[in-house]
Structures are given as structure tokens and as C-alpha cells.
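A.B. asks: Below is work_17.cif; it holds mmCIF, N, CA and C atoms.
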data_data
loop_
_atom_site.label_atom_id
_atom_site.label_comp_id
_atom_site.auth_asym_id
_atom_site.auth_seq_id
_atom_site.Cartn_x
_atom_site.Cartn_y
_atom_site.Cartn_z
N MET S 1 5.55 -107.23 102.60
CA MET S 1 6.06 -106.07 101.91
C MET S 1 5.60 -106.08 100.46
N ASP S 2 5.34 -104.92 99.93
CA ASP S 2 4.99 -104.76 98.52
C ASP S 2 6.21 -104.31 97.74
N THR S 3 6.15 -104.48 96.43
CA THR S 3 7.23 -104.05 95.54
C THR S 3 6.84 -102.71 94.91
N TYR S 4 7.83 -101.82 94.80
CA TYR S 4 7.63 -100.49 94.25
C TYR S 4 8.72 -100.16 93.25
N VAL S 5 8.36 -99.33 92.27
CA VAL S 5 9.31 -98.74 91.34
C VAL S 5 9.42 -97.27 91.71
N ILE S 6 10.66 -96.78 91.85
CA ILE S 6 10.89 -95.38 92.16
C ILE S 6 11.65 -94.76 91.00
N LEU S 7 11.10 -93.70 90.45
CA LEU S 7 11.73 -92.98 89.35
C LEU S 7 12.44 -91.75 89.91
N ARG S 8 13.74 -91.65 89.62
CA ARG S 8 14.55 -90.52 90.06
C ARG S 8 15.23 -89.94 88.82
N ARG S 9 14.62 -88.92 88.20
CA ARG S 9 15.12 -88.34 86.95
C ARG S 9 16.18 -87.29 87.22
N SER S 10 17.29 -87.39 86.49
CA SER S 10 18.39 -86.41 86.57
C SER S 10 18.74 -86.07 88.02
N GLY S 11 18.80 -87.07 88.85
CA GLY S 11 19.04 -86.84 90.28
C GLY S 11 20.47 -86.51 90.65
N TRP S 12 21.42 -86.83 89.75
CA TRP S 12 22.83 -86.64 90.09
C TRP S 12 23.58 -86.06 88.91
N ARG S 13 24.58 -85.26 89.23
CA ARG S 13 25.38 -84.61 88.17
C ARG S 13 26.35 -85.56 87.50
N SER S 14 26.68 -86.66 88.17
CA SER S 14 27.67 -87.59 87.61
C SER S 14 27.48 -88.97 88.21
N PRO S 15 28.04 -89.99 87.56
CA PRO S 15 28.00 -91.33 88.14
C PRO S 15 28.68 -91.39 89.51
N GLU S 16 29.70 -90.56 89.73
CA GLU S 16 30.39 -90.55 91.02
C GLU S 16 29.45 -90.04 92.12
N ASP S 17 28.68 -88.98 91.81
CA ASP S 17 27.70 -88.48 92.78
C ASP S 17 26.67 -89.56 93.11
N LEU S 18 26.25 -90.30 92.09
CA LEU S 18 25.31 -91.39 92.30
C LEU S 18 25.90 -92.46 93.21
N GLY S 19 27.18 -92.76 93.03
CA GLY S 19 27.84 -93.75 93.88
C GLY S 19 27.81 -93.37 95.36
N VAL S 20 28.04 -92.10 95.64
CA VAL S 20 27.99 -91.61 97.02
C VAL S 20 26.56 -91.73 97.57
N ALA S 21 25.59 -91.35 96.74
CA ALA S 21 24.18 -91.44 97.16
C ALA S 21 23.76 -92.89 97.38
N ALA S 22 24.26 -93.79 96.54
CA ALA S 22 23.92 -95.21 96.69
C ALA S 22 24.41 -95.75 98.03
N GLU S 23 25.58 -95.34 98.44
CA GLU S 23 26.10 -95.79 99.73
C GLU S 23 25.25 -95.26 100.88
N ARG S 24 24.82 -93.98 100.80
CA ARG S 24 23.92 -93.43 101.83
C ARG S 24 22.62 -94.22 101.86
N SER S 25 22.08 -94.52 100.67
CA SER S 25 20.82 -95.26 100.57
C SER S 25 20.95 -96.64 101.22
N ARG S 26 22.03 -97.33 100.90
CA ARG S 26 22.25 -98.66 101.48
C ARG S 26 22.35 -98.58 102.98
N GLN S 27 23.10 -97.61 103.47
CA GLN S 27 23.30 -97.48 104.91
C GLN S 27 21.98 -97.19 105.64
N VAL S 28 21.21 -96.25 105.14
CA VAL S 28 19.94 -95.92 105.79
C VAL S 28 18.99 -97.12 105.75
N GLY S 29 18.90 -97.77 104.59
CA GLY S 29 18.02 -98.92 104.46
C GLY S 29 18.41 -100.08 105.34
N ASP S 30 19.70 -100.39 105.35
CA ASP S 30 20.18 -101.55 106.11
C ASP S 30 20.28 -101.29 107.61
N GLU S 31 20.68 -100.08 108.00
CA GLU S 31 20.97 -99.82 109.40
C GLU S 31 19.84 -99.11 110.16
N GLU S 32 19.00 -98.35 109.45
CA GLU S 32 17.98 -97.56 110.14
C GLU S 32 16.55 -98.04 109.85
N MET S 33 16.34 -98.64 108.70
CA MET S 33 14.96 -98.96 108.29
C MET S 33 14.80 -100.39 107.78
N SER S 34 15.61 -101.30 108.26
CA SER S 34 15.62 -102.66 107.71
C SER S 34 14.29 -103.40 107.86
N ASP S 35 13.46 -103.00 108.80
CA ASP S 35 12.15 -103.65 108.95
C ASP S 35 11.12 -103.13 107.95
N ASP S 36 11.41 -101.98 107.31
CA ASP S 36 10.43 -101.34 106.44
C ASP S 36 10.81 -101.26 104.98
N ILE S 37 12.07 -101.50 104.64
CA ILE S 37 12.48 -101.27 103.26
C ILE S 37 13.66 -102.16 102.86
N ARG S 38 13.61 -102.63 101.61
CA ARG S 38 14.72 -103.42 101.03
C ARG S 38 14.98 -102.91 99.62
N TRP S 39 16.20 -102.49 99.35
CA TRP S 39 16.61 -102.08 98.02
C TRP S 39 16.94 -103.34 97.24
N ILE S 40 16.26 -103.57 96.14
CA ILE S 40 16.47 -104.78 95.34
C ILE S 40 17.49 -104.53 94.23
N ARG S 41 17.24 -103.51 93.39
CA ARG S 41 18.17 -103.19 92.29
C ARG S 41 17.83 -101.82 91.75
N SER S 42 18.75 -101.26 90.97
CA SER S 42 18.53 -100.00 90.28
C SER S 42 19.08 -100.08 88.88
N TYR S 43 18.42 -99.39 87.99
CA TYR S 43 18.89 -99.22 86.62
C TYR S 43 19.28 -97.76 86.47
N VAL S 44 20.51 -97.50 86.05
CA VAL S 44 21.02 -96.14 85.92
C VAL S 44 20.68 -95.62 84.54
N LEU S 45 20.12 -94.40 84.49
CA LEU S 45 19.67 -93.79 83.25
C LEU S 45 20.62 -92.69 82.81
N GLU S 46 21.01 -92.70 81.55
CA GLU S 46 21.79 -91.61 80.99
C GLU S 46 20.82 -90.50 80.65
N GLU S 47 20.93 -89.37 81.33
CA GLU S 47 19.96 -88.28 81.20
C GLU S 47 20.45 -87.14 80.30
N GLY S 48 21.67 -87.22 79.80
CA GLY S 48 22.20 -86.17 78.95
C GLY S 48 22.95 -85.13 79.77
N GLY S 49 23.93 -84.51 79.13
CA GLY S 49 24.71 -83.48 79.82
C GLY S 49 25.53 -84.02 80.97
N GLY S 50 25.74 -85.33 81.00
CA GLY S 50 26.53 -85.94 82.07
C GLY S 50 25.73 -86.35 83.29
N SER S 51 24.49 -85.88 83.41
CA SER S 51 23.69 -86.24 84.59
C SER S 51 23.12 -87.65 84.44
N VAL S 52 22.79 -88.23 85.57
CA VAL S 52 22.22 -89.57 85.58
C VAL S 52 20.98 -89.60 86.47
N GLY S 53 20.09 -90.50 86.15
CA GLY S 53 18.91 -90.76 86.96
C GLY S 53 18.85 -92.25 87.23
N THR S 54 17.81 -92.69 87.92
CA THR S 54 17.66 -94.12 88.19
C THR S 54 16.20 -94.53 88.16
N VAL S 55 16.01 -95.80 87.87
CA VAL S 55 14.75 -96.49 88.11
C VAL S 55 15.11 -97.55 89.15
N CYS S 56 14.53 -97.43 90.33
CA CYS S 56 14.90 -98.31 91.44
C CYS S 56 13.75 -99.25 91.79
N ILE S 57 14.10 -100.46 92.13
CA ILE S 57 13.13 -101.46 92.57
C ILE S 57 13.37 -101.69 94.06
N TYR S 58 12.32 -101.49 94.85
CA TYR S 58 12.38 -101.66 96.30
C TYR S 58 11.22 -102.53 96.75
N GLN S 59 11.40 -103.18 97.86
CA GLN S 59 10.30 -103.76 98.61
C GLN S 59 10.16 -102.90 99.86
N ALA S 60 8.92 -102.57 100.19
CA ALA S 60 8.71 -101.69 101.34
C ALA S 60 7.36 -101.96 101.98
N SER S 61 7.25 -101.54 103.23
CA SER S 61 6.00 -101.71 103.95
C SER S 61 4.93 -100.74 103.46
N SER S 62 5.36 -99.62 102.83
CA SER S 62 4.40 -98.63 102.32
C SER S 62 5.13 -97.61 101.45
N GLU S 63 4.35 -96.83 100.70
CA GLU S 63 4.92 -95.73 99.94
C GLU S 63 5.54 -94.70 100.89
N GLU S 64 4.92 -94.51 102.03
CA GLU S 64 5.45 -93.56 103.01
C GLU S 64 6.84 -93.98 103.49
N ALA S 65 7.06 -95.29 103.66
CA ALA S 65 8.38 -95.77 104.07
C ALA S 65 9.42 -95.46 102.99
N ILE S 66 9.04 -95.58 101.73
CA ILE S 66 9.96 -95.25 100.64
C ILE S 66 10.32 -93.77 100.70
N ARG S 67 9.33 -92.93 100.88
CA ARG S 67 9.58 -91.49 100.93
C ARG S 67 10.39 -91.11 102.18
N GLU S 68 10.15 -91.77 103.30
CA GLU S 68 10.94 -91.53 104.51
C GLU S 68 12.40 -91.94 104.28
N HIS S 69 12.61 -93.09 103.67
CA HIS S 69 13.96 -93.54 103.35
C HIS S 69 14.66 -92.52 102.46
N ALA S 70 13.99 -92.05 101.42
CA ALA S 70 14.57 -91.06 100.51
C ALA S 70 14.93 -89.78 101.25
N SER S 71 14.07 -89.35 102.14
CA SER S 71 14.34 -88.13 102.92
C SER S 71 15.57 -88.31 103.80
N ARG S 72 15.64 -89.42 104.51
CA ARG S 72 16.79 -89.67 105.39
C ARG S 72 18.09 -89.79 104.61
N ALA S 73 18.02 -90.39 103.42
CA ALA S 73 19.23 -90.61 102.61
C ALA S 73 19.50 -89.46 101.65
N ASP S 74 18.67 -88.42 101.67
CA ASP S 74 18.81 -87.26 100.79
C ASP S 74 18.80 -87.67 99.32
N LEU S 75 17.76 -88.43 98.94
CA LEU S 75 17.59 -88.89 97.57
C LEU S 75 16.36 -88.23 96.95
N PRO S 76 16.42 -87.92 95.66
CA PRO S 76 15.23 -87.39 95.00
C PRO S 76 14.20 -88.50 94.76
N VAL S 77 12.94 -88.11 94.69
CA VAL S 77 11.86 -89.04 94.33
C VAL S 77 10.92 -88.29 93.40
N ASP S 78 10.89 -88.69 92.14
CA ASP S 78 9.97 -88.06 91.20
C ASP S 78 8.62 -88.78 91.17
N GLU S 79 8.68 -90.11 91.30
CA GLU S 79 7.44 -90.88 91.23
C GLU S 79 7.65 -92.22 91.93
N VAL S 80 6.61 -92.67 92.65
CA VAL S 80 6.60 -93.99 93.29
C VAL S 80 5.40 -94.73 92.74
N ILE S 81 5.63 -95.93 92.23
CA ILE S 81 4.56 -96.73 91.62
C ILE S 81 4.56 -98.11 92.27
N LYS S 82 3.42 -98.51 92.80
CA LYS S 82 3.29 -99.85 93.39
C LYS S 82 3.18 -100.88 92.25
N VAL S 83 3.95 -101.94 92.35
CA VAL S 83 3.94 -103.01 91.35
C VAL S 83 2.78 -103.96 91.65
N MET S 84 1.97 -104.21 90.63
CA MET S 84 0.83 -105.09 90.79
C MET S 84 1.21 -106.56 90.60
N ASP S 85 2.13 -106.82 89.65
CA ASP S 85 2.51 -108.20 89.33
C ASP S 85 3.83 -108.17 88.60
N THR S 86 4.47 -109.31 88.45
CA THR S 86 5.73 -109.44 87.73
C THR S 86 5.56 -110.45 86.62
N VAL S 87 6.01 -110.08 85.44
CA VAL S 87 6.07 -110.99 84.30
C VAL S 87 7.55 -111.15 83.97
N LEU S 88 8.09 -112.33 84.18
CA LEU S 88 9.50 -112.58 83.93
C LEU S 88 9.64 -113.35 82.63
N VAL S 89 10.19 -112.70 81.63
CA VAL S 89 10.41 -113.32 80.33
C VAL S 89 11.82 -113.91 80.29
N ARG S 90 12.78 -113.14 80.75
CA ARG S 90 14.17 -113.57 80.84
C ARG S 90 14.78 -112.97 82.11
N PRO S 91 15.81 -113.60 82.62
CA PRO S 91 16.49 -112.98 83.77
C PRO S 91 17.16 -111.67 83.32
N ASP S 92 17.46 -110.81 84.29
CA ASP S 92 18.16 -109.57 83.97
C ASP S 92 19.46 -109.90 83.25
N PRO S 93 19.84 -109.06 82.28
CA PRO S 93 21.11 -109.27 81.58
C PRO S 93 22.27 -108.92 82.48
N GLU S 94 23.45 -109.33 82.07
CA GLU S 94 24.67 -108.96 82.80
C GLU S 94 24.78 -107.44 82.81
N PRO S 95 25.36 -106.85 83.85
CA PRO S 95 25.52 -105.39 83.89
C PRO S 95 26.26 -104.89 82.65
N ALA S 96 25.87 -103.71 82.19
CA ALA S 96 26.53 -103.10 81.04
C ALA S 96 27.95 -102.74 81.40
N ALA S 97 28.85 -102.86 80.43
CA ALA S 97 30.24 -102.51 80.64
C ALA S 97 30.36 -100.99 80.77
N ALA S 98 31.20 -100.56 81.66
CA ALA S 98 31.37 -99.11 81.89
C ALA S 98 32.20 -98.47 80.80
#
Could you spell out this file's structure in C-alpha cells?
C.D. replies:
Amino acid sequence: MDTYVILRRSGWRSPEDLGVAAERSRQVGDEEMSDDIRWIRSYVLEEGGGSVGTVCIYQASSEEAIREHASRADLPVDEVIKVMDTVLVRPDPEPAAA
């Protein structure tokens, strides 16, 4: 599997809407497409006006599998970028306080 970054700009009207979408994403990935896709992590973006977007890190068999997963889970996809390499300077910080 390759690693991909998925950009989803202003995909949800609120953090609560994102929470519902995240559960759909997990369910589709884990129960329907587990051989083709793994959700690693997401960074939630403050997009202004209360809306939120995400930068998501996935491992997948192909870009097409990512787009199929998004379609099944009813998720937006603005851009999919294949990761060439990883440079780890520090581990991810603790999640931001809500």
C-alpha cells in the first residue's frame, strides 16, 4: 500500500457534522474496504464561518480506492496526493484542546 494525503476543504458545516462523517468513513474503510484502504489520521482545519475541512493521511492500494471510499462514505475530495517519502523530525504533538 502507498501513503496518500487527501485534502477536504470546507467539507462540513460544523465539527459535529465532521464527527458523523468520520464514523461513516471508519465504517466503510473497516467493514467494506479493509483490503484496499487504511485511515491513519486526520488534521481538522478551521475554515472560517464555523465550517471545517481536513487533511487526511491514508494508506491505500491506489488513488482510485481512495476516491471509491470517499464516494461510498459520502466524503468530499478536493485533492489526492501520493506521498513520496516521510521526514520525521518530531512525533505528532498531543491533540489540541477543544
A.B. asks: Please list as a compact mmCIF listing (two decimals) with N, CA and C atoms, in the frame of the given file every residue within 12 Å of S:Val44, counting only C-alpha atoms and excluding residues in the same chain fewer than 4 positions away.
C.D. replies:
# COMPACT_ATOMS: atom_id res chain seq x y z
N ILE S 6 10.66 -96.78 91.85
CA ILE S 6 10.89 -95.38 92.16
C ILE S 6 11.65 -94.76 91.00
N LEU S 7 11.10 -93.70 90.45
CA LEU S 7 11.73 -92.98 89.35
C LEU S 7 12.44 -91.75 89.91
N ARG S 8 13.74 -91.65 89.62
CA ARG S 8 14.55 -90.52 90.06
C ARG S 8 15.23 -89.94 88.82
N ARG S 9 14.62 -88.92 88.20
CA ARG S 9 15.12 -88.34 86.95
C ARG S 9 16.18 -87.29 87.22
N SER S 10 17.29 -87.39 86.49
CA SER S 10 18.39 -86.41 86.57
C SER S 10 18.74 -86.07 88.02
N GLY S 11 18.80 -87.07 88.85
CA GLY S 11 19.04 -86.84 90.28
C GLY S 11 20.47 -86.51 90.65
N TRP S 12 21.42 -86.83 89.75
CA TRP S 12 22.83 -86.64 90.09
C TRP S 12 23.58 -86.06 88.91
N SER S 14 26.68 -86.66 88.17
CA SER S 14 27.67 -87.59 87.61
C SER S 14 27.48 -88.97 88.21
N PRO S 15 28.04 -89.99 87.56
CA PRO S 15 28.00 -91.33 88.14
C PRO S 15 28.68 -91.39 89.51
N LEU S 18 26.25 -90.30 92.09
CA LEU S 18 25.31 -91.39 92.30
C LEU S 18 25.90 -92.46 93.21
N GLY S 19 27.18 -92.76 93.03
CA GLY S 19 27.84 -93.75 93.88
C GLY S 19 27.81 -93.37 95.36
N ALA S 22 24.26 -93.79 96.54
CA ALA S 22 23.92 -95.21 96.69
C ALA S 22 24.41 -95.75 98.03
N SER S 51 24.49 -85.88 83.41
CA SER S 51 23.69 -86.24 84.59
C SER S 51 23.12 -87.65 84.44
N VAL S 52 22.79 -88.23 85.57
CA VAL S 52 22.22 -89.57 85.58
C VAL S 52 20.98 -89.60 86.47
N GLY S 53 20.09 -90.50 86.15
CA GLY S 53 18.91 -90.76 86.96
C GLY S 53 18.85 -92.25 87.23
N THR S 54 17.81 -92.69 87.92
CA THR S 54 17.66 -94.12 88.19
C THR S 54 16.20 -94.53 88.16
N VAL S 55 16.01 -95.80 87.87
CA VAL S 55 14.75 -96.49 88.11
C VAL S 55 15.11 -97.55 89.15
N CYS S 56 14.53 -97.43 90.33
CA CYS S 56 14.90 -98.31 91.44
C CYS S 56 13.75 -99.25 91.79
N ILE S 57 14.10 -100.46 92.13
CA ILE S 57 13.13 -101.46 92.57
C ILE S 57 13.37 -101.69 94.06
N PRO S 95 25.36 -106.85 83.85
CA PRO S 95 25.52 -105.39 83.89
C PRO S 95 26.26 -104.89 82.65
N ALA S 96 25.87 -103.71 82.19
CA ALA S 96 26.53 -103.10 81.04
C ALA S 96 27.95 -102.74 81.40
N ALA S 98 31.20 -100.56 81.66
CA ALA S 98 31.37 -99.11 81.89
C ALA S 98 32.20 -98.47 80.80
A.B. asks: Between S:Val80, S:Leu75, S:Ser61, S:Arg13, which one has atoms that come closest to S:Gly49, using all atoms listed in the file?
C.D. replies: S:Arg13
A.B. asks: When DSSP works through the backbone of this structure, what residues of chain S end up as alpha helix (DSSP H), shown as number ranges by chain?
C.D. replies: S: 15-27, 63-73
A.B. asks: Go through the shown structure with the PyMOL selection byres (((chain S and resi 82 and name CA) around 8) and name CA) and write out the matching residues as a list in words.
C.D. replies: Asp2, Thr3, Tyr4, Val5, Glu63, Val80, Ile81, Val83 and Met84 of chain S
A.B. asks: In stretch 1-80 of chain S, what's strand (DSSP E) per DSSP? Answer as a PyMOL selection string?
C.D. replies: chain S and resi 2-12+37-48+51-60+79-80
A.B. asks: Considering all atoms listed in the file, can you say which of S:Arg24, S:Met1, S:Gln59, S:Asp17 comes closest to S:Ala73?
C.D. replies: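 Of the candidates, the smallest distance to S:Ala73 is held by S:Arg24.
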A.B. asks: Given only C-alpha atoms as the basis, pick out the residue of S:Thr86, S:Pro93, S:Val28, S:Glu23 nearest to S:Ser71.
C.D. replies: S:Val28
A.B. asks: Given the choices S:Leu45, S:Glu16, S:Ile40, S:Ser25, which gets closest to S:Asp74 if the distance is worked out from only C-alpha atoms?
C.D. replies: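 When distances to S:Asp74 are compared using only C-alpha atoms, the smallest one comes from S:Ser25.
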A.B. asks: So the first atom is atom C of S:Arg38 and the second is atom CA of S:Ala60; what is the distance between them in Å, to one decimal place?
C.D. replies: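 Pair atom C of S:Arg38 / atom CA of S:Ala60 returns 6.6 Å.
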A.B. asks: Mind pulling up the distance from atom CA of S:Asp35 to atom CA of S:Ser62?
C.D. replies: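 Between atom CA of S:Ser62 and atom CA of S:Asp35 the gap is 11.4 Å.
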A.B. asks: Just need the box for stretch 2-17 of chain S, edges along x, y and z, holding every atom the file lists for it with 5 Å tacked onto each side, so centre and edge lengths in Å to one decimal, as AutoDock Vina command-line options.
C.D. replies:
--center_x 17.7 --center_y -94.8 --center_z 93.2 --size_x 35.4 --size_y 30.3 --size_z 23.4
A.B. asks: Could you write stretch 45-56 of chain S as a short mmCIF file (atom, residue, chain, number, x, y, z; two decimals), in the coordinates of the input, with all heavy atoms rebuilt where they are missing?
C.D. replies:
data_model
loop_
_atom_site.label_atom_id
_atom_site.label_comp_id
_atom_site.auth_asym_id
_atom_site.auth_seq_id
_atom_site.Cartn_x
_atom_site.Cartn_y
_atom_site.Cartn_z
N LEU S 45 20.12 -94.40 84.49
CA LEU S 45 19.67 -93.79 83.25
C LEU S 45 20.62 -92.69 82.81
O LEU S 45 20.98 -91.83 83.61
CB LEU S 45 18.28 -93.18 83.44
CG LEU S 45 17.21 -94.06 84.08
CD1 LEU S 45 15.95 -93.25 84.32
CD2 LEU S 45 16.94 -95.26 83.18
N GLU S 46 21.01 -92.70 81.55
CA GLU S 46 21.79 -91.61 80.99
C GLU S 46 20.82 -90.50 80.65
O GLU S 46 19.95 -90.65 79.79
CB GLU S 46 22.53 -92.08 79.73
CG GLU S 46 23.42 -91.03 79.14
CD GLU S 46 24.18 -91.54 77.93
OE1 GLU S 46 24.29 -92.77 77.74
OE2 GLU S 46 24.64 -90.70 77.16
N GLU S 47 20.93 -89.37 81.33
CA GLU S 47 19.96 -88.28 81.20
C GLU S 47 20.45 -87.14 80.30
O GLU S 47 19.73 -86.19 80.07
CB GLU S 47 19.61 -87.72 82.58
CG GLU S 47 18.96 -88.72 83.50
CD GLU S 47 17.49 -88.94 83.25
OE1 GLU S 47 16.98 -88.56 82.19
OE2 GLU S 47 16.84 -89.50 84.14
N GLY S 48 21.67 -87.22 79.80
CA GLY S 48 22.20 -86.17 78.95
C GLY S 48 22.95 -85.13 79.77
O GLY S 48 22.66 -84.90 80.94
N GLY S 49 23.93 -84.51 79.13
CA GLY S 49 24.71 -83.48 79.82
C GLY S 49 25.53 -84.02 80.97
O GLY S 49 25.96 -83.26 81.82
N GLY S 50 25.74 -85.33 81.00
CA GLY S 50 26.53 -85.94 82.07
C GLY S 50 25.73 -86.35 83.29
O GLY S 50 26.23 -87.06 84.15
N SER S 51 24.49 -85.88 83.41
CA SER S 51 23.69 -86.24 84.59
C SER S 51 23.12 -87.65 84.44
O SER S 51 23.00 -88.17 83.33
CB SER S 51 22.56 -85.23 84.83
OG SER S 51 21.57 -85.34 83.85
N VAL S 52 22.79 -88.23 85.57
CA VAL S 52 22.22 -89.57 85.58
C VAL S 52 20.98 -89.60 86.47
O VAL S 52 20.85 -88.82 87.41
CB VAL S 52 23.23 -90.65 86.05
CG1 VAL S 52 24.38 -90.79 85.07
CG2 VAL S 52 23.76 -90.35 87.44
N GLY S 53 20.09 -90.50 86.15
CA GLY S 53 18.91 -90.76 86.96
C GLY S 53 18.85 -92.25 87.23
O GLY S 53 19.73 -93.01 86.80
N THR S 54 17.81 -92.69 87.92
CA THR S 54 17.66 -94.12 88.19
C THR S 54 16.20 -94.53 88.16
O THR S 54 15.30 -93.73 88.40
CB THR S 54 18.23 -94.51 89.58
OG1 THR S 54 17.57 -93.77 90.59
CG2 THR S 54 19.73 -94.31 89.65
N VAL S 55 16.01 -95.80 87.87
CA VAL S 55 14.75 -96.49 88.11
C VAL S 55 15.11 -97.55 89.15
O VAL S 55 15.95 -98.42 88.89
CB VAL S 55 14.19 -97.15 86.83
CG1 VAL S 55 12.97 -97.99 87.15
CG2 VAL S 55 13.89 -96.11 85.78
N CYS S 56 14.53 -97.43 90.33
CA CYS S 56 14.90 -98.31 91.44
C CYS S 56 13.75 -99.25 91.79
O CYS S 56 12.58 -98.84 91.78
CB CYS S 56 15.25 -97.48 92.67
SG CYS S 56 16.62 -96.35 92.40
#
